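Participant: Before anything else, here's the structure in question.
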Amino acid sequence: MRLKLTLNRPTPAPPEDLLLDLDAGTTVGDLAHALIERDPQRGGAPIERSRLTLRVDGPDGRILGPDDQVGEATLRSGEAVSVVADPEGMVEGTDARATPATLVVHQGPGAGARVALRRGANEVGRDPDCEVVLEDPMVSKRHVRINVTDAVEVIDLGSANGIYVDGILVQRVFVRSGDRFVLGDTVLSVEHHRASGAVQTGNSIAFNRSPYLDPVYPGATLTAPDPPVPPRPQRFPFLVMVAPLLLGVIMYAFTRQIISVVFIALSPLLMIGTYFQQKSSDKRSWAEAKVQYREALDHLAATIDRLQAEEVIGRRHENPAAIETQAVALRRGSLLWARRPDRHGVLTLRAGVASLPTRIEVEMPQTNNTVPEMWDALHEVGDQRRLVHGVPLAAPLAEVGVVGVAGPGDFGAGSMRALVTQVVALHSPAEVCLVALLTNEHSLEWDWLKWLPHTDPVYSPLDVAGLGVGGNGAT
């Protein structure tokens, strides 16, 4: 088996990165002795104690049993270790392995206190009979029970104020080392000195990558309002008015009755009134139609703005930022290695953010029977929202083949690190391998690549080392 570890030495000796090739049945104690004996920095200094083991340097500072086999111990590639003396489980007067966990009070009464937890059940509350007694008046007499096994579980015992994790009230919760929870006014965490066997076993961490997670924002299609049609202009009814007058003259010639002429003369007056009334009504209707159309355009613009705000969120989920993918890798979130070769987003990297064409489509009216002012107002709404701002600029490696980064040293290196982070966080090492050719000048800056499983030859189809430094290393 192969392990990549960092050996921390006593100061002032610097730490050393190691690639270990050893049998899985080797004991932790034998490995600790081998590291001491073969360390050139030690210079042949005598071993102070004959029984040695390894301490994993980290938040929990767990100490491995010297008789445990390396293949079964919770020792994993990428961790930093120190060789420590361990006579009968004692390290410098403290029984580090006999205490499987420690309860730490961060805030509230008794802040700074550290209380050892035994393996099994540990009751916490104000009752003096509890294994852990808190002075917080907001804590119930028997508030919670902390079960310490291969995992740490906190269970509410029917307390008045419950357990809060990230502001959420829970009845029971599994906590990892460093995870904080609140009882009353007291903020606590548990340092677990043994890794959780339910999640971490031996030299590997059990991880089932999530089902297909490759969200695509589909966009939306809106229908633009039909612009109003202006009223057709009406001619003054001159001929229609003259005809009744001529008829009135003829009737007077035959009848010699003036009343006939009066009645006939009223018809043109009615026509004139109807003409001006219709003209005024058309003017009012056109003005109202324009106002309603402007309101419809404002509603269309507001709808597009709302949908574009959703589009920004959706398209950012398609291609998360490097800092998000880094967080996914560190906490083994649902997006870790979620991209698959047969799916849409494989090897699509986020090169930055930009203003790009929106996926919100607007279906325009089929006819244009309105005035230019109304038609231009409709196009103005669409033209002003043709681009959506702050969305990821995607670089699909499978299509473009090559992505280059150019710029000043720190900027260029940071941009390249962001791209590499996305590759290794979103793609499994069984499906994407990483090969780096580095100059001697930049080898230390990119030294962290050696810890990635994507550079491990076990996964690579190439019969070459994952990292090449200098001219000889790059050939």
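How things are named: the first chain in the structure tokens is A, the next is B, and so on; residues count from 1 in each chain; ligands count from 1 in the order shown.
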Can you list, as a PyMOL selection string, every protein, DNA or RNA residue that comes within 8 Å of A:Val132 when you count only C-alpha atoms, leaving out same-chain residues fewer than 4 positions away?
Facilitator: chain A and resi 115+122-125
Participant: What would the file look like if the residues just selected were written as an mmCIF file, in the first residue's frame with N, CA and C atoms?
Facilitator:
data_model
loop_
_atom_site.group_PDB
_atom_site.id
_atom_site.type_symbol
_atom_site.label_atom_id
_atom_site.label_comp_id
_atom_site.auth_asym_id
_atom_site.auth_seq_id
_atom_site.Cartn_x
_atom_site.Cartn_y
_atom_site.Cartn_z
ATOM 1 N N VAL A 115 -13.766 19.080 29.225
ATOM 2 C CA VAL A 115 -14.179 17.968 30.077
ATOM 3 C C VAL A 115 -14.033 16.665 29.288
ATOM 4 N N ASN A 122 -22.802 9.820 28.088
ATOM 5 C CA ASN A 122 -22.376 10.892 28.983
ATOM 6 C C ASN A 122 -23.526 11.897 29.076
ATOM 7 N N GLU A 123 -24.122 12.026 30.280
ATOM 8 C CA GLU A 123 -25.219 12.979 30.444
ATOM 9 C C GLU A 123 -24.668 14.353 30.770
ATOM 10 N N VAL A 124 -25.308 15.377 30.201
ATOM 11 C CA VAL A 124 -24.878 16.767 30.385
ATOM 12 C C VAL A 124 -26.070 17.560 30.892
ATOM 13 N N GLY A 125 -25.867 18.342 31.956
ATOM 14 C CA GLY A 125 -26.937 19.172 32.502
ATOM 15 C C GLY A 125 -26.499 19.852 33.782
#
Participant: Which residues, written as a PyMOL selection string, have at least one atom at most 7 Å from stretch 409-421 of chain A, with only C-alpha atoms counted and residues fewer than 3 positions away on the same chain left out?
Facilitator: chain A and resi 322+325-326+349+405-406+424-425
Participant: For A:Leu307, which residue among A:Pro218, A:Lys279, A:Arg339, A:Leu347 is the nearest when counting only C-alpha atoms?
Facilitator: A:Pro218
Participant: Using only C-alpha atoms, which of the listed residues (A:Gly78, A:Pro457, A:Pro225, A:Gly71) sits closest to A:Leu300?
Facilitator: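 Using only C-alpha atoms, the shortest distance to A:Leu300 belongs to A:Pro225.
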Participant: Write out as a list in words which residues come within 6 Å of A:Thr358 when counting only C-alpha atoms, dropping same-chain ones fewer than 5 positions away.
Facilitator: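 In the requested form, the answer reads Arg386, Leu387 and Val388 of chain A.
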Participant: Residues at most 7 Å from stretch 8-16 of chain A, counting only C-alpha atoms, excluding those fewer than 4 positions away in the same chain, as a ChimeraX atom specification?
Facilitator: /A:41,80-82
Participant: May I have the selected residues written with C-alpha atoms, as a PDB file, in the first residue's frame?
Facilitator:
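Final file, selection_25.pdb:
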ATOM      1  CA  GLN A  41      17.500  15.274  10.146  1.00  0.00           C
ATOM      2  CA  ALA A  80       0.434  15.349   8.841  1.00  0.00           C
ATOM      3  CA  VAL A  81       1.869  13.106  11.583  1.00  0.00           C
ATOM      4  CA  SER A  82       4.364  13.362  14.405  1.00  0.00           C
TER       5      SER A  82
END
Participant: Would you mind listing what lies within 7 Å of A:Leu437 as a count of residues only, with only C-alpha atoms counted and same-chain residues fewer than 2 positions away left out?
Facilitator: 5
Participant: Ranking A:Met364, A:His427, A:Asp298, A:Trp375 by minimum distance to A:Gly345 and counting only C-alpha atoms, which one comes first?
Facilitator: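 Checking each of A:Met364, A:His427, A:Asp298, A:Trp375 against A:Gly345, counting only C-alpha atoms, the winner is A:His427.
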Participant: Excluding stretch 160-173 of chain A and its own-chain neighbours fewer than 5 positions away, which residues fall within 9 Å of it when counting only C-alpha atoms? Please give them as a list in words.
Facilitator: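 Surrounding residues, per the criterion: Met138, Val139, Ser140, His143, Val144, Val152, Glu153, Val154, Ile155, Asp179, Arg180, Phe181, Val182, Leu183 and Gly184 of chain A.
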Participant: Please, could you write that set of residues out with all heavy atoms as a CSV table (one decimal), in the first residue's frame?
Facilitator:
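Saved result, out-v4.csv, follows:
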chain,number,residue,atom,x,y,z
A,138,MET,N,-30.0,28.3,31.8
A,138,MET,CA,-30.8,28.0,30.7
A,138,MET,C,-30.7,26.5,30.3
A,138,MET,O,-31.5,26.0,29.4
A,138,MET,CB,-30.5,28.9,29.5
A,138,MET,CG,-30.7,30.3,29.8
A,138,MET,SD,-32.3,30.8,30.3
A,138,MET,CE,-33.2,30.5,28.8
A,139,VAL,N,-29.8,25.8,31.0
A,139,VAL,CA,-29.7,24.3,30.7
A,139,VAL,C,-30.5,23.6,31.7
A,139,VAL,O,-30.6,23.9,32.9
A,139,VAL,CB,-28.2,23.9,30.8
A,139,VAL,CG1,-28.0,22.4,30.8
A,139,VAL,CG2,-27.4,24.6,29.7
A,140,SER,N,-31.2,22.5,31.2
A,140,SER,CA,-32.0,21.7,32.0
A,140,SER,C,-31.2,20.8,32.9
A,140,SER,O,-30.0,20.7,32.7
A,140,SER,CB,-32.9,20.8,31.2
A,140,SER,OG,-33.8,21.6,30.4
A,143,HIS,N,-30.0,17.6,30.4
A,143,HIS,CA,-30.3,18.3,29.1
A,143,HIS,C,-30.1,17.4,27.9
A,143,HIS,O,-31.0,17.2,27.1
A,143,HIS,CB,-29.4,19.6,29.0
A,143,HIS,CG,-30.0,20.5,28.0
A,143,HIS,ND1,-30.5,21.8,28.4
A,143,HIS,CD2,-30.1,20.5,26.7
A,143,HIS,CE1,-30.9,22.4,27.3
A,143,HIS,NE2,-30.7,21.7,26.2
A,144,VAL,N,-28.9,16.8,27.8
A,144,VAL,CA,-28.6,15.9,26.7
A,144,VAL,C,-27.8,14.8,27.1
A,144,VAL,O,-27.2,14.8,28.2
A,144,VAL,CB,-27.9,16.7,25.6
A,144,VAL,CG1,-28.7,17.8,25.0
A,144,VAL,CG2,-26.5,17.2,26.0
A,152,VAL,N,-19.9,10.4,17.4
A,152,VAL,CA,-20.4,11.2,18.5
A,152,VAL,C,-21.8,11.6,18.2
A,152,VAL,O,-22.0,12.3,17.2
A,152,VAL,CB,-19.5,12.3,18.9
A,152,VAL,CG1,-20.1,13.2,20.0
A,152,VAL,CG2,-18.1,11.9,19.2
A,153,GLU,N,-22.8,11.3,19.1
A,153,GLU,CA,-24.2,11.7,18.9
A,153,GLU,C,-24.7,12.4,20.1
A,153,GLU,O,-24.4,11.9,21.2
A,153,GLU,CB,-25.1,10.4,18.6
A,153,GLU,CG,-26.5,10.8,18.3
A,153,GLU,CD,-27.4,9.6,18.0
A,153,GLU,OE1,-27.0,8.5,18.4
A,153,GLU,OE2,-28.4,9.8,17.4
A,154,VAL,N,-25.3,13.5,19.9
A,154,VAL,CA,-25.9,14.3,20.9
A,154,VAL,C,-27.4,14.2,20.9
A,154,VAL,O,-28.0,14.4,19.8
A,154,VAL,CB,-25.5,15.8,20.8
A,154,VAL,CG1,-26.1,16.6,22.0
A,154,VAL,CG2,-24.0,15.9,20.7
A,155,ILE,N,-28.0,13.7,22.0
A,155,ILE,CA,-29.5,13.4,22.0
A,155,ILE,C,-30.2,14.2,23.1
A,155,ILE,O,-29.7,14.3,24.3
A,155,ILE,CB,-29.7,11.9,22.3
A,155,ILE,CG1,-28.9,11.0,21.3
A,155,ILE,CG2,-31.2,11.5,22.3
A,155,ILE,CD1,-28.9,9.6,21.6
A,179,ASP,N,-17.5,20.6,15.2
A,179,ASP,CA,-18.9,21.1,15.0
A,179,ASP,C,-19.5,21.6,16.3
A,179,ASP,O,-19.4,21.0,17.4
A,179,ASP,CB,-19.8,19.9,14.5
A,179,ASP,CG,-19.4,19.4,13.1
A,179,ASP,OD1,-18.7,20.2,12.5
A,179,ASP,OD2,-19.9,18.4,12.7
A,180,ARG,N,-20.0,22.8,16.2
A,180,ARG,CA,-20.6,23.5,17.4
A,180,ARG,C,-22.1,23.3,17.6
A,180,ARG,O,-22.8,23.3,16.6
A,180,ARG,CB,-20.2,24.9,17.4
A,180,ARG,CG,-18.7,25.2,17.5
A,180,ARG,CD,-18.3,26.6,17.8
A,180,ARG,NE,-16.9,26.8,17.8
A,180,ARG,CZ,-16.3,27.9,18.3
A,180,ARG,NH1,-17.0,28.9,18.7
A,180,ARG,NH2,-15.0,28.0,18.3
A,181,PHE,N,-22.5,23.2,18.8
A,181,PHE,CA,-24.0,23.1,19.1
A,181,PHE,C,-24.2,23.9,20.4
A,181,PHE,O,-23.3,24.2,21.1
A,181,PHE,CB,-24.4,21.7,19.2
A,181,PHE,CG,-23.7,20.9,20.3
A,181,PHE,CD1,-24.2,20.7,21.6
A,181,PHE,CD2,-22.5,20.2,19.9
A,181,PHE,CE1,-23.5,20.0,22.5
A,181,PHE,CE2,-21.8,19.5,20.9
A,181,PHE,CZ,-22.3,19.3,22.2
A,182,VAL,N,-25.5,24.3,20.6
A,182,VAL,CA,-25.8,25.2,21.6
A,182,VAL,C,-26.8,24.6,22.6
A,182,VAL,O,-27.9,24.1,22.1
A,182,VAL,CB,-26.4,26.5,21.1
A,182,VAL,CG1,-26.8,27.5,22.2
A,182,VAL,CG2,-25.4,27.2,20.1
A,183,LEU,N,-26.5,24.6,23.9
A,183,LEU,CA,-27.4,24.2,24.9
A,183,LEU,C,-27.7,25.5,25.8
A,183,LEU,O,-26.8,25.9,26.5
A,183,LEU,CB,-26.8,23.1,25.8
A,183,LEU,CG,-26.3,21.8,25.0
A,183,LEU,CD1,-25.8,20.8,26.1
A,183,LEU,CD2,-27.4,21.2,24.2
A,184,GLY,N,-28.9,25.9,25.8
A,184,GLY,CA,-29.2,27.2,26.6
A,184,GLY,C,-28.4,28.3,26.0
A,184,GLY,O,-28.5,28.7,24.9
Participant: Rank A:Val187, A:Ala32, A:Leu266, A:Val291 by their smallest atom-to-atom distance to A:Gly110, using only C-alpha atoms, and report the top residue only.
Facilitator: A:Val187
Participant: Nearest residue to A:Ser210 out of A:Gly382, A:Gly333, A:Pro396, A:Pro365, using only C-alpha atoms?
Facilitator: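 For A:Ser210, the nearest of the candidates is A:Gly333.
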Participant: State, in Å with one decimal place, the distance from atom CA of A:Trp451 to atom CA of A:Thr6.
Facilitator: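 Here the two named atoms are 10.2 Å from each other.
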